[in-house]
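See below for run32.csv, which holds CSV, C-alpha atoms and all ligand atoms.
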```csv
chain,number,residue,atom,x,y,z
A,1090,MET,CA,213.0,110.5,44.2
A,1091,SER,CA,210.2,111.8,42.1
A,1092,LEU,CA,207.9,110.0,39.7
A,1093,GLN,CA,209.5,110.2,36.3
A,1094,HIS,CA,207.8,107.4,34.4
A,1095,ILE,CA,204.5,105.5,34.7
A,1096,ALA,CA,203.7,102.5,32.6
A,1097,ILE,CA,200.2,101.0,32.3
A,1098,ILE,CA,198.9,97.6,31.2
A,1099,MET,CA,195.4,98.7,30.2
A,1100,ASP,CA,193.5,95.4,30.7
A,1101,GLY,CA,189.8,94.5,31.2
A,1102,ASN,CA,188.0,96.0,28.3
A,1103,GLY,CA,186.5,92.7,27.1
A,1104,ARG,CA,185.2,91.8,30.6
A,1105,TRP,CA,183.8,95.3,31.0
A,1106,ALA,CA,181.7,94.8,27.9
A,1107,THR,CA,180.7,91.2,28.6
A,1108,LEU,CA,179.4,92.3,32.0
A,1109,ARG,CA,177.1,94.7,30.1
A,1110,LYS,CA,176.1,92.0,27.6
A,1111,ARG,CA,177.8,93.9,24.8
A,1112,PRO,CA,180.5,92.8,22.3
A,1113,ARG,CA,184.1,93.0,23.4
A,1114,THR,CA,184.8,95.8,21.0
A,1115,PHE,CA,182.3,98.0,22.9
A,1116,GLY,CA,184.8,97.7,25.8
A,1117,HIS,CA,187.7,98.8,23.6
A,1118,GLN,CA,185.7,101.8,22.5
A,1119,ALA,CA,184.9,102.6,26.1
A,1120,GLY,CA,188.5,102.2,27.0
A,1121,THR,CA,189.6,105.1,24.9
A,1122,LYS,CA,187.9,107.4,27.3
A,1123,SER,CA,190.1,106.2,30.1
A,1124,VAL,CA,193.1,106.6,27.9
A,1125,ARG,CA,192.2,110.3,27.4
A,1126,SER,CA,191.5,110.9,31.1
A,1127,VAL,CA,194.7,109.2,32.3
A,1128,ILE,CA,196.9,111.1,29.8
A,1129,GLN,CA,195.3,114.4,30.9
A,1130,ALA,CA,195.8,113.5,34.5
A,1131,CYS,CA,199.4,112.7,34.0
A,1132,VAL,CA,200.0,116.0,32.2
A,1133,LYS,CA,198.3,117.8,35.0
A,1134,LEU,CA,200.3,116.0,37.7
A,1135,GLY,CA,203.5,116.8,35.9
A,1136,VAL,CA,204.5,113.2,35.1
A,1137,PRO,CA,207.1,113.6,32.3
A,1138,ASN,CA,206.8,110.1,30.8
A,1139,LEU,CA,203.8,107.7,30.3
A,1140,THR,CA,204.0,104.4,28.5
A,1141,LEU,CA,200.7,102.6,27.6
A,1142,PHE,CA,200.4,99.0,26.5
A,1143,ALA,CA,197.8,99.1,23.7
A,1144,PHE,CA,198.4,95.9,21.7
A,1145,SER,CA,200.8,93.1,22.5
A,1146,SER,CA,202.6,90.9,20.0
A,1147,GLU,CA,200.4,88.1,21.3
A,1148,ASN,CA,197.1,89.9,20.7
A,1149,TRP,CA,197.3,89.0,17.0
A,1150,SER,CA,196.0,85.6,18.1
A,1151,ARG,CA,192.5,87.1,18.9
A,1152,PRO,CA,189.6,86.7,16.6
A,1153,GLU,CA,190.2,88.4,13.3
A,1154,LYS,CA,187.2,90.7,13.8
A,1155,GLU,CA,188.4,91.9,17.1
A,1156,VAL,CA,191.9,92.6,15.8
A,1157,SER,CA,190.6,94.5,12.8
A,1158,ARG,CA,188.3,96.6,15.1
A,1159,LEU,CA,191.2,97.4,17.3
A,1160,MET,CA,193.2,98.6,14.3
A,1161,ASP,CA,190.3,100.8,13.2
A,1162,LEU,CA,190.0,102.2,16.7
A,1163,PHE,CA,193.7,102.9,16.8
A,1164,MET,CA,193.7,104.7,13.5
A,1165,ARG,CA,190.7,106.8,14.5
A,1166,SER,CA,192.1,107.7,17.9
A,1167,LEU,CA,195.3,108.9,16.3
A,1168,ASN,CA,193.4,111.1,13.9
A,1169,LYS,CA,191.0,112.4,16.5
A,1170,GLU,CA,193.2,112.9,19.5
A,1171,THR,CA,196.5,114.1,18.0
A,1172,PRO,CA,195.7,117.8,17.7
A,1173,GLU,CA,194.5,118.1,21.2
A,1174,LEU,CA,197.4,116.1,22.6
A,1175,LEU,CA,199.8,118.5,20.9
A,1176,GLN,CA,198.0,121.4,22.4
A,1177,GLN,CA,198.4,119.9,25.8
A,1178,GLY,CA,202.1,119.5,25.3
A,1179,VAL,CA,202.1,115.8,24.6
A,1180,LYS,CA,204.7,114.2,22.2
A,1181,GLN,CA,203.6,110.8,20.9
A,1182,ASN,CA,206.1,108.0,20.2
A,1183,PHE,CA,205.4,104.4,19.2
A,1184,ILE,CA,207.3,101.3,20.4
A,1185,GLY,CA,207.1,97.8,19.1
A,1186,ASP,CA,207.6,95.9,15.9
A,1187,LEU,CA,205.8,98.4,13.8
A,1188,GLY,CA,206.4,96.7,10.4
A,1189,ARG,CA,203.5,94.3,10.9
A,1190,PHE,CA,200.9,97.0,10.7
A,1191,SER,CA,199.2,98.1,7.5
A,1192,GLU,CA,201.2,100.6,5.4
A,1193,LYS,CA,198.5,103.2,6.2
A,1194,LEU,CA,198.9,102.8,9.9
A,1195,GLN,CA,202.7,102.7,9.7
A,1196,GLN,CA,202.6,106.0,7.7
A,1197,LYS,CA,200.2,107.5,10.3
A,1198,MET,CA,202.5,106.5,13.2
A,1199,ARG,CA,205.5,108.0,11.4
A,1200,GLU,CA,203.6,111.2,10.8
A,1201,VAL,CA,202.3,111.5,14.3
A,1202,SER,CA,205.7,110.8,15.9
A,1203,GLN,CA,207.3,113.6,13.9
A,1204,LEU,CA,205.0,116.2,15.4
A,1205,ASN,CA,206.3,118.2,18.3
A,1206,PRO,CA,204.3,120.3,20.7
A,1207,SER,CA,205.5,123.9,21.1
A,1208,GLU,CA,206.1,123.3,24.8
A,1209,LEU,CA,206.9,119.7,25.7
A,1210,ARG,CA,205.1,118.6,28.9
A,1211,MET,CA,205.0,114.8,28.5
A,1212,ASN,CA,206.3,112.0,26.4
A,1213,LEU,CA,203.5,109.5,25.6
A,1214,ASN,CA,204.8,106.1,24.4
A,1215,ILE,CA,202.3,103.8,22.9
A,1216,ALA,CA,203.3,100.2,22.8
A,1217,VAL,CA,201.8,98.3,19.8
A,1218,ASN,CA,202.8,94.9,18.5
A,1219,TYR,CA,205.1,95.2,21.5
A,1220,GLY,CA,206.7,92.3,23.4
A,1221,GLY,CA,209.3,92.7,26.1
A,1222,ARG,CA,211.3,89.7,24.8
A,1223,TRP,CA,211.2,91.0,21.3
A,1224,ASP,CA,212.6,94.3,22.6
A,1225,ILE,CA,215.6,92.5,24.2
A,1226,VAL,CA,216.3,90.3,21.1
A,1227,ASN,CA,216.0,93.3,18.9
A,1228,ALA,CA,218.5,95.2,21.0
A,1229,ALA,CA,220.9,92.2,21.0
A,1230,LYS,CA,220.7,92.0,17.2
A,1231,LYS,CA,221.4,95.7,16.7
A,1232,LEU,CA,224.3,95.6,19.1
A,1233,ALA,CA,225.7,92.5,17.3
A,1234,MET,CA,225.6,94.4,14.0
A,1235,ASP,CA,227.5,97.3,15.6
A,1236,ILE,CA,230.1,94.9,16.9
A,1237,GLN,CA,230.4,93.2,13.5
A,1238,GLN,CA,231.0,96.6,11.9
A,1239,GLY,CA,233.5,97.7,14.6
A,1240,VAL,CA,231.3,100.5,15.9
A,1241,LYS,CA,231.2,98.9,19.4
A,1242,GLN,CA,233.8,96.8,21.2
A,1243,ILE,CA,232.7,93.7,23.2
A,1244,ASP,CA,234.6,94.8,26.3
A,1245,ALA,CA,232.8,98.1,26.3
A,1246,ILE,CA,229.4,96.5,26.7
A,1247,ASP,CA,227.7,97.1,30.0
A,1248,GLU,CA,224.1,97.8,31.1
A,1249,THR,CA,224.2,101.4,30.0
A,1250,VAL,CA,225.5,100.6,26.6
A,1251,PHE,CA,222.9,97.8,26.1
A,1252,ASP,CA,220.1,100.1,27.2
A,1253,GLU,CA,221.0,102.4,24.3
A,1254,TYR,CA,219.6,99.7,22.0
A,1255,MET,CA,216.3,99.2,23.8
A,1256,SER,CA,213.0,100.9,23.2
A,1257,LEU,CA,212.6,104.0,25.5
A,1258,LYS,CA,216.4,104.3,25.6
A,1259,ASP,CA,216.4,108.0,26.2
A,1260,LEU,CA,213.9,107.9,29.0
A,1261,PRO,CA,214.3,107.2,32.7
A,1262,ALA,CA,213.4,103.7,33.8
A,1263,VAL,CA,209.8,103.0,34.8
A,1264,ASP,CA,209.1,104.0,38.4
A,1265,LEU,CA,205.5,102.8,38.6
A,1266,LEU,CA,203.9,100.0,36.7
A,1267,ILE,CA,200.1,99.7,36.9
A,1268,ARG,CA,197.9,96.8,35.6
A,1269,THR,CA,194.2,97.1,35.6
A,1270,GLY,CA,191.7,94.3,35.2
A,1271,GLY,CA,192.8,92.1,38.1
A,1272,GLU,CA,195.4,89.8,36.6
A,1273,HIS,CA,198.8,89.7,38.4
A,1274,ARG,CA,201.1,89.3,35.5
A,1275,ILE,CA,203.3,91.2,33.1
A,1276,SER,CA,202.1,89.6,29.8
A,1277,ASN,CA,205.4,90.3,28.1
A,1278,PHE,CA,205.2,94.0,28.5
A,1279,LEU,CA,208.4,96.0,29.4
A,1280,LEU,CA,210.8,93.6,31.0
A,1281,TRP,CA,214.2,95.3,30.9
A,1282,GLN,CA,212.7,98.7,31.8
A,1283,ILE,CA,210.7,97.7,34.8
A,1284,ALA,CA,213.7,96.1,36.7
A,1285,TYR,CA,213.1,98.3,39.8
A,1286,ALA,CA,209.6,99.6,39.2
A,1287,GLU,CA,207.0,99.6,41.9
A,1288,LEU,CA,204.1,97.3,40.8
A,1289,PHE,CA,200.4,98.0,41.3
A,1290,PHE,CA,197.6,95.7,40.4
A,1291,THR,CA,194.0,96.8,40.6
A,1292,ASP,CA,190.8,94.9,40.0
A,1293,THR,CA,189.3,98.0,38.3
A,1294,LEU,CA,188.6,97.2,34.7
A,1295,TRP,CA,190.2,99.6,32.3
A,1296,PRO,CA,187.1,101.5,31.1
A,1297,ASP,CA,186.3,102.2,34.8
A,1298,PHE,CA,189.8,103.6,35.5
A,1299,GLY,CA,190.4,107.3,35.6
A,1300,GLU,CA,192.0,110.3,37.3
A,1301,GLN,CA,190.8,109.4,40.8
A,1302,GLN,CA,192.1,105.8,40.7
A,1303,LEU,CA,195.4,107.0,39.3
A,1304,SER,CA,195.9,109.7,41.9
A,1305,ASP,CA,195.1,107.1,44.7
A,1306,ILE,CA,197.8,104.8,43.3
A,1307,ILE,CA,200.3,107.7,43.1
A,1308,THR,CA,199.6,108.6,46.7
A,1309,GLU,CA,200.4,105.0,47.7
A,1310,PHE,CA,203.5,105.0,45.5
A,1311,ASN,CA,204.7,108.0,47.3
A,1312,GLN,CA,204.4,106.2,50.6
A,1313,ARG,CA,206.5,103.2,49.5
A,1314,GLU,CA,210.2,103.2,50.4
A,1315,ARG,CA,212.3,102.5,47.3
A,1316,ARG,CA,215.6,101.0,48.6
A,1317,PHE,CA,217.4,99.9,45.5
A,1318,GLY,CA,219.2,97.3,47.5
A,1319,LYS,CA,220.2,99.6,50.4
A,1320,THR,CA,218.9,99.4,54.0
A,1321,SER,CA,216.1,101.5,55.3
A,1322,GLU,CA,218.6,103.3,57.6
A,1323,GLN,CA,220.7,104.3,54.7
A,1324,ILE,CA,217.8,105.7,52.8
A,1325,ASN,CA,216.6,107.8,55.8
A,1326,ALA,CA,220.1,109.0,56.8
B,1,LIG,C1,192.8,95.0,27.1
B,1,LIG,O1,191.6,94.5,27.4
B,1,LIG,C2,192.9,95.6,25.7
B,1,LIG,C3,193.8,94.8,24.8
B,1,LIG,C4,194.5,93.8,25.1
B,1,LIG,C5,193.8,95.3,23.4
B,1,LIG,P1,191.2,93.0,27.0
B,1,LIG,O2,190.6,93.0,25.7
B,1,LIG,O3,192.3,92.1,27.3
B,1,LIG,O4,190.1,92.7,28.1
B,1,LIG,P2,189.8,91.4,28.9
B,1,LIG,O5,191.1,91.0,29.6
B,1,LIG,O6,189.4,90.3,27.9
B,1,LIG,O7,188.7,91.7,29.9
B,2,LIG,C1,197.9,92.6,27.9
B,2,LIG,O1,196.6,92.2,28.1
B,2,LIG,C2,198.1,93.4,26.6
B,2,LIG,C3,197.5,94.7,26.7
B,2,LIG,C4,196.9,95.2,27.7
B,2,LIG,C5,197.6,95.4,25.5
B,2,LIG,P1,196.1,90.7,27.6
B,2,LIG,O2,194.7,90.7,28.0
B,2,LIG,O3,196.4,90.5,26.2
B,2,LIG,O4,197.0,89.8,28.6
B,2,LIG,P2,196.8,88.2,28.9
B,2,LIG,O5,196.6,87.5,27.6
B,2,LIG,O6,195.5,88.1,29.8
B,2,LIG,O7,198.0,87.9,29.7
B,3,MG,MG,193.0,91.0,28.9
```
Take the structure I supplied and represent it as structure tokens, if you would.
Amino acid sequence: MSLQHIAIIMDGNGRWATLRKRPRTFGHQAGTKSVRSVIQACVKLGVPNLTLFAFSSENWSRPEKEVSRLMDLFMRSLNKETPELLQQGVKQNFIGDLGRFSEKLQQKMREVSQLNPSELRMNLNIAVNYGGRWDIVNAAKKLAMDIQQGVKQIDAIDETVFDEYMSLKDLPAVDLLIRTGGEHRISNFLLWQIAYAELFFTDTLWPDFGEQQLSDIITEFNQRERRFGKTSEQINA
């Protein structure tokens, strides 16, 4: 089966900067270069869906200055990168509890997500104020409302129906999840959507990650046997 959906936990910006005796925000700035090169590489390789973890629901707990710098950087990147992304055939979409952002940023996200490239080559989902548990609870709430209003019947609920209430509902499940920065954890990123994803953890810090590292991981991904519960013999029959 081909590679339909890559998700990335872009981690290690702060440590990258600290190693260079620079403020953490210098690392976030440097990380935007990797974002650009990974998006470009995915388009080039024909990956139809890419989901990036840019800001978690837990990241609000960071020092106020760092959070506000991240917000600035986010706004500036949207303004700066959107025209070129459209030209490359990239459609942007935002997932997460967006209501917590400033009105200006919410407006910008709405505006950007309404823009469509003339020829769609890739869906880029940017997860901001996103939490995997939030996503599931949010889906359960919306489903409960539909049941209350008689739009859905309890007996009809199955995994496919539940999925319609989740973020990324119209996209294939994640095939490949990558985390840079050396930690071996999910940090409340996509939970439901990575049920059968292949997981890759690399020590490379996000600002050092680029096309070459991505293509090495994809090569290894292609060598893995995804069995989905079956035996190897069944897969190779
Ligand atoms: C990831 O890098 C970027 C965000 C979470 C916004 P970090 O800022 O977590 O970098 P480290 O993990 O401290 O090195
Ligand atoms: C996960 O990184 C969130 C993003 C990459 C946006 P963190 O650096 O926040 O994760 P923890 O806190 O080390 O688990
Ligand atoms: Mg981190």
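Within 8 Å of the point (197.8, 92.4, 18.4), and counting only C-alpha atoms, the protein, DNA and RNA residues are Phe1144, Ser1145, Ser1146, Glu1147, Asn1148, Trp1149, Ser1150, Arg1151, Val1156, Val1217 and Asn1218 of chain A.
All residues of protein, DNA or RNA that reach within 10 Å of region 1185-1198 of chain A, judged by only C-alpha atoms and not counting those fewer than 5 positions away in the chain, are Phe1144, Ser1145, Ser1146, Met1160, Asp1161, Phe1163, Met1164, Leu1167, Asn1168, Gln1203, Ile1215, Ala1216, Val1217, Asn1218, Tyr1219, Gly1220, Gly1221, Trp1223, Asp1224, Asn1227 and Ser1256 of chain A.
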Skipping near chain neighbours, those fewer than 3 positions away, what residues fall within 7 Å of region 1266-1271 of chain A using all atoms listed in the file, listed as a short mmCIF file (atom, residue, chain, number, x, y, z; two decimals) with C-alpha atoms, in the coordinates of the input?
```
data_model
loop_
_atom_site.label_atom_id
_atom_site.label_comp_id
_atom_site.auth_asym_id
_atom_site.auth_seq_id
_atom_site.Cartn_x
_atom_site.Cartn_y
_atom_site.Cartn_z
CA ILE A 1095 204.50 105.50 34.70
CA ALA A 1096 203.70 102.50 32.60
CA ILE A 1097 200.20 101.00 32.30
CA ILE A 1098 198.90 97.60 31.20
CA MET A 1099 195.40 98.70 30.20
CA ASP A 1100 193.50 95.40 30.70
CA GLY A 1101 189.80 94.50 31.20
CA VAL A 1263 209.80 103.00 34.80
CA ALA A 1286 209.60 99.60 39.20
CA GLU A 1287 207.00 99.60 41.90
CA LEU A 1288 204.10 97.30 40.80
CA PHE A 1289 200.40 98.00 41.30
CA PHE A 1290 197.60 95.70 40.40
CA THR A 1291 194.00 96.80 40.60
CA ASP A 1292 190.80 94.90 40.00
CA THR A 1293 189.30 98.00 38.30
CA LEU A 1294 188.60 97.20 34.70
CA TRP A 1295 190.20 99.60 32.30
#
```
Distance in Å - atom O5 of ligand LIG 1 (chain B) versus CA of Gly1299 (chain A)
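The value is 17.4 Å.
For the pair atom O1 of ligand LIG 1 (chain B) and CA of Glu1155 (chain A), the interatomic distance is 11.1 Å.
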Shortest interatomic distance to ligand MG 3 (chain B) - which of A:Ser1126, A:Ser1157, A:Ser1276, A:Asn1325, counting all atoms listed in the file:
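Nearest to ligand MG 3 (chain B): A:Ser1276.
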For CA of Glu1309 (chain A) and CA of Arg1104 (chain A), the interatomic separation in Å (one decimal):
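Atom-to-atom, CA of Glu1309 (chain A) to CA of Arg1104 (chain A), that is 26.4 Å.
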Would you mind putting all heavy atoms back on region 1150-1161 of chain A and writing the result as a PDB file, in the frame of the given file?
```
ATOM      1  N   SER A1150     196.648  86.920  18.016  1.00  0.00           N
ATOM      2  CA  SER A1150     196.000  85.600  18.100  1.00  0.00           C
ATOM      3  C   SER A1150     194.469  85.761  18.400  1.00  0.00           C
ATOM      4  O   SER A1150     193.754  84.760  18.446  1.00  0.00           O
ATOM      5  CB  SER A1150     196.563  84.752  19.183  1.00  0.00           C
ATOM      6  OG  SER A1150     197.938  84.825  19.152  1.00  0.00           O
ATOM      7  N   ARG A1151     193.983  86.943  18.645  1.00  0.00           N
ATOM      8  CA  ARG A1151     192.500  87.100  18.900  1.00  0.00           C
ATOM      9  C   ARG A1151     191.733  86.935  17.655  1.00  0.00           C
ATOM     10  O   ARG A1151     192.272  86.963  16.559  1.00  0.00           O
ATOM     11  CB  ARG A1151     192.316  88.505  19.518  1.00  0.00           C
ATOM     12  CG  ARG A1151     192.974  88.632  20.877  1.00  0.00           C
ATOM     13  CD  ARG A1151     192.467  89.808  21.622  1.00  0.00           C
ATOM     14  NE  ARG A1151     193.066  89.816  22.955  1.00  0.00           N
ATOM     15  CZ  ARG A1151     192.711  90.631  23.922  1.00  0.00           C
ATOM     16  NH1 ARG A1151     191.747  91.510  23.720  1.00  0.00           N
ATOM     17  NH2 ARG A1151     193.293  90.568  25.100  1.00  0.00           N
ATOM     18  N   PRO A1152     190.394  86.788  17.785  1.00  0.00           N
ATOM     19  CA  PRO A1152     189.600  86.700  16.600  1.00  0.00           C
ATOM     20  C   PRO A1152     189.837  87.816  15.620  1.00  0.00           C
ATOM     21  O   PRO A1152     190.021  88.955  16.046  1.00  0.00           O
ATOM     22  CB  PRO A1152     188.137  86.729  17.132  1.00  0.00           C
ATOM     23  CG  PRO A1152     188.239  86.346  18.562  1.00  0.00           C
ATOM     24  CD  PRO A1152     189.607  86.749  19.027  1.00  0.00           C
ATOM     25  N   GLU A1153     189.857  87.459  14.336  1.00  0.00           N
ATOM     26  CA  GLU A1153     190.200  88.400  13.300  1.00  0.00           C
ATOM     27  C   GLU A1153     189.374  89.723  13.398  1.00  0.00           C
ATOM     28  O   GLU A1153     189.877  90.827  13.208  1.00  0.00           O
ATOM     29  CB  GLU A1153     189.962  87.772  11.946  1.00  0.00           C
ATOM     30  CG  GLU A1153     190.913  88.201  10.865  1.00  0.00           C
ATOM     31  CD  GLU A1153     190.606  87.451   9.574  1.00  0.00           C
ATOM     32  OE1 GLU A1153     190.791  86.205   9.570  1.00  0.00           O
ATOM     33  OE2 GLU A1153     190.160  88.096   8.611  1.00  0.00           O
ATOM     34  N   LYS A1154     188.092  89.537  13.709  1.00  0.00           N
ATOM     35  CA  LYS A1154     187.200  90.700  13.800  1.00  0.00           C
ATOM     36  C   LYS A1154     187.595  91.668  14.883  1.00  0.00           C
ATOM     37  O   LYS A1154     187.544  92.881  14.717  1.00  0.00           O
ATOM     38  CB  LYS A1154     185.755  90.233  14.013  1.00  0.00           C
ATOM     39  CG  LYS A1154     184.903  90.255  12.748  1.00  0.00           C
ATOM     40  CD  LYS A1154     183.509  89.795  13.030  1.00  0.00           C
ATOM     41  CE  LYS A1154     182.481  90.916  12.876  1.00  0.00           C
ATOM     42  NZ  LYS A1154     181.110  90.375  13.018  1.00  0.00           N
ATOM     43  N   GLU A1155     187.984  91.082  16.019  1.00  0.00           N
ATOM     44  CA  GLU A1155     188.400  91.900  17.100  1.00  0.00           C
ATOM     45  C   GLU A1155     189.683  92.681  16.791  1.00  0.00           C
ATOM     46  O   GLU A1155     189.812  93.881  17.052  1.00  0.00           O
ATOM     47  CB  GLU A1155     188.580  91.104  18.416  1.00  0.00           C
ATOM     48  CG  GLU A1155     188.945  91.988  19.610  1.00  0.00           C
ATOM     49  CD  GLU A1155     188.971  91.253  20.951  1.00  0.00           C
ATOM     50  OE1 GLU A1155     188.461  90.112  21.027  1.00  0.00           O
ATOM     51  OE2 GLU A1155     189.520  91.834  21.915  1.00  0.00           O
ATOM     52  N   VAL A1156     190.630  91.955  16.175  1.00  0.00           N
ATOM     53  CA  VAL A1156     191.900  92.600  15.800  1.00  0.00           C
ATOM     54  C   VAL A1156     191.640  93.738  14.825  1.00  0.00           C
ATOM     55  O   VAL A1156     192.151  94.853  15.002  1.00  0.00           O
ATOM     56  CB  VAL A1156     192.885  91.561  15.187  1.00  0.00           C
ATOM     57  CG1 VAL A1156     194.101  92.259  14.609  1.00  0.00           C
ATOM     58  CG2 VAL A1156     193.307  90.535  16.239  1.00  0.00           C
ATOM     59  N   SER A1157     190.772  93.481  13.836  1.00  0.00           N
ATOM     60  CA  SER A1157     190.600  94.500  12.800  1.00  0.00           C
ATOM     61  C   SER A1157     189.836  95.725  13.429  1.00  0.00           C
ATOM     62  O   SER A1157     190.102  96.875  13.089  1.00  0.00           O
ATOM     63  CB  SER A1157     189.904  93.954  11.578  1.00  0.00           C
ATOM     64  OG  SER A1157     188.550  94.221  11.570  1.00  0.00           O
ATOM     65  N   ARG A1158     188.954  95.470  14.375  1.00  0.00           N
ATOM     66  CA  ARG A1158     188.300  96.600  15.100  1.00  0.00           C
ATOM     67  C   ARG A1158     189.267  97.394  15.893  1.00  0.00           C
ATOM     68  O   ARG A1158     189.187  98.621  15.963  1.00  0.00           O
ATOM     69  CB  ARG A1158     187.167  95.992  15.955  1.00  0.00           C
ATOM     70  CG  ARG A1158     186.346  97.006  16.683  1.00  0.00           C
ATOM     71  CD  ARG A1158     185.294  97.656  15.786  1.00  0.00           C
ATOM     72  NE  ARG A1158     184.529  98.642  16.542  1.00  0.00           N
ATOM     73  CZ  ARG A1158     184.776  99.946  16.540  1.00  0.00           C
ATOM     74  NH1 ARG A1158     185.728 100.444  15.803  1.00  0.00           N
ATOM     75  NH2 ARG A1158     184.046 100.763  17.275  1.00  0.00           N
ATOM     76  N   LEU A1159     190.218  96.700  16.513  1.00  0.00           N
ATOM     77  CA  LEU A1159     191.200  97.400  17.300  1.00  0.00           C
ATOM     78  C   LEU A1159     192.111  98.286  16.404  1.00  0.00           C
ATOM     79  O   LEU A1159     192.472  99.395  16.779  1.00  0.00           O
ATOM     80  CB  LEU A1159     192.122  96.384  18.056  1.00  0.00           C
ATOM     81  CG  LEU A1159     191.507  95.813  19.341  1.00  0.00           C
ATOM     82  CD1 LEU A1159     192.286  94.582  19.819  1.00  0.00           C
ATOM     83  CD2 LEU A1159     191.454  96.859  20.440  1.00  0.00           C
ATOM     84  N   MET A1160     192.430  97.771  15.207  1.00  0.00           N
ATOM     85  CA  MET A1160     193.200  98.600  14.300  1.00  0.00           C
ATOM     86  C   MET A1160     192.469  99.826  13.844  1.00  0.00           C
ATOM     87  O   MET A1160     193.026 100.910  13.797  1.00  0.00           O
ATOM     88  CB  MET A1160     193.596  97.734  13.015  1.00  0.00           C
ATOM     89  CG  MET A1160     194.498  96.547  13.290  1.00  0.00           C
ATOM     90  SD  MET A1160     196.070  97.023  14.031  1.00  0.00           S
ATOM     91  CE  MET A1160     196.220  95.793  15.313  1.00  0.00           C
ATOM     92  N   ASP A1161     191.166  99.645  13.551  1.00  0.00           N
ATOM     93  CA  ASP A1161     190.300 100.800  13.200  1.00  0.00           C
ATOM     94  C   ASP A1161     190.293 101.850  14.289  1.00  0.00           C
ATOM     95  O   ASP A1161     190.436 103.035  14.043  1.00  0.00           O
ATOM     96  CB  ASP A1161     188.846 100.345  13.016  1.00  0.00           C
ATOM     97  CG  ASP A1161     188.610  99.732  11.658  1.00  0.00           C
ATOM     98  OD1 ASP A1161     189.555  99.701  10.850  1.00  0.00           O
ATOM     99  OD2 ASP A1161     187.471  99.262  11.432  1.00  0.00           O
TER     100      ASP A1161
END
```
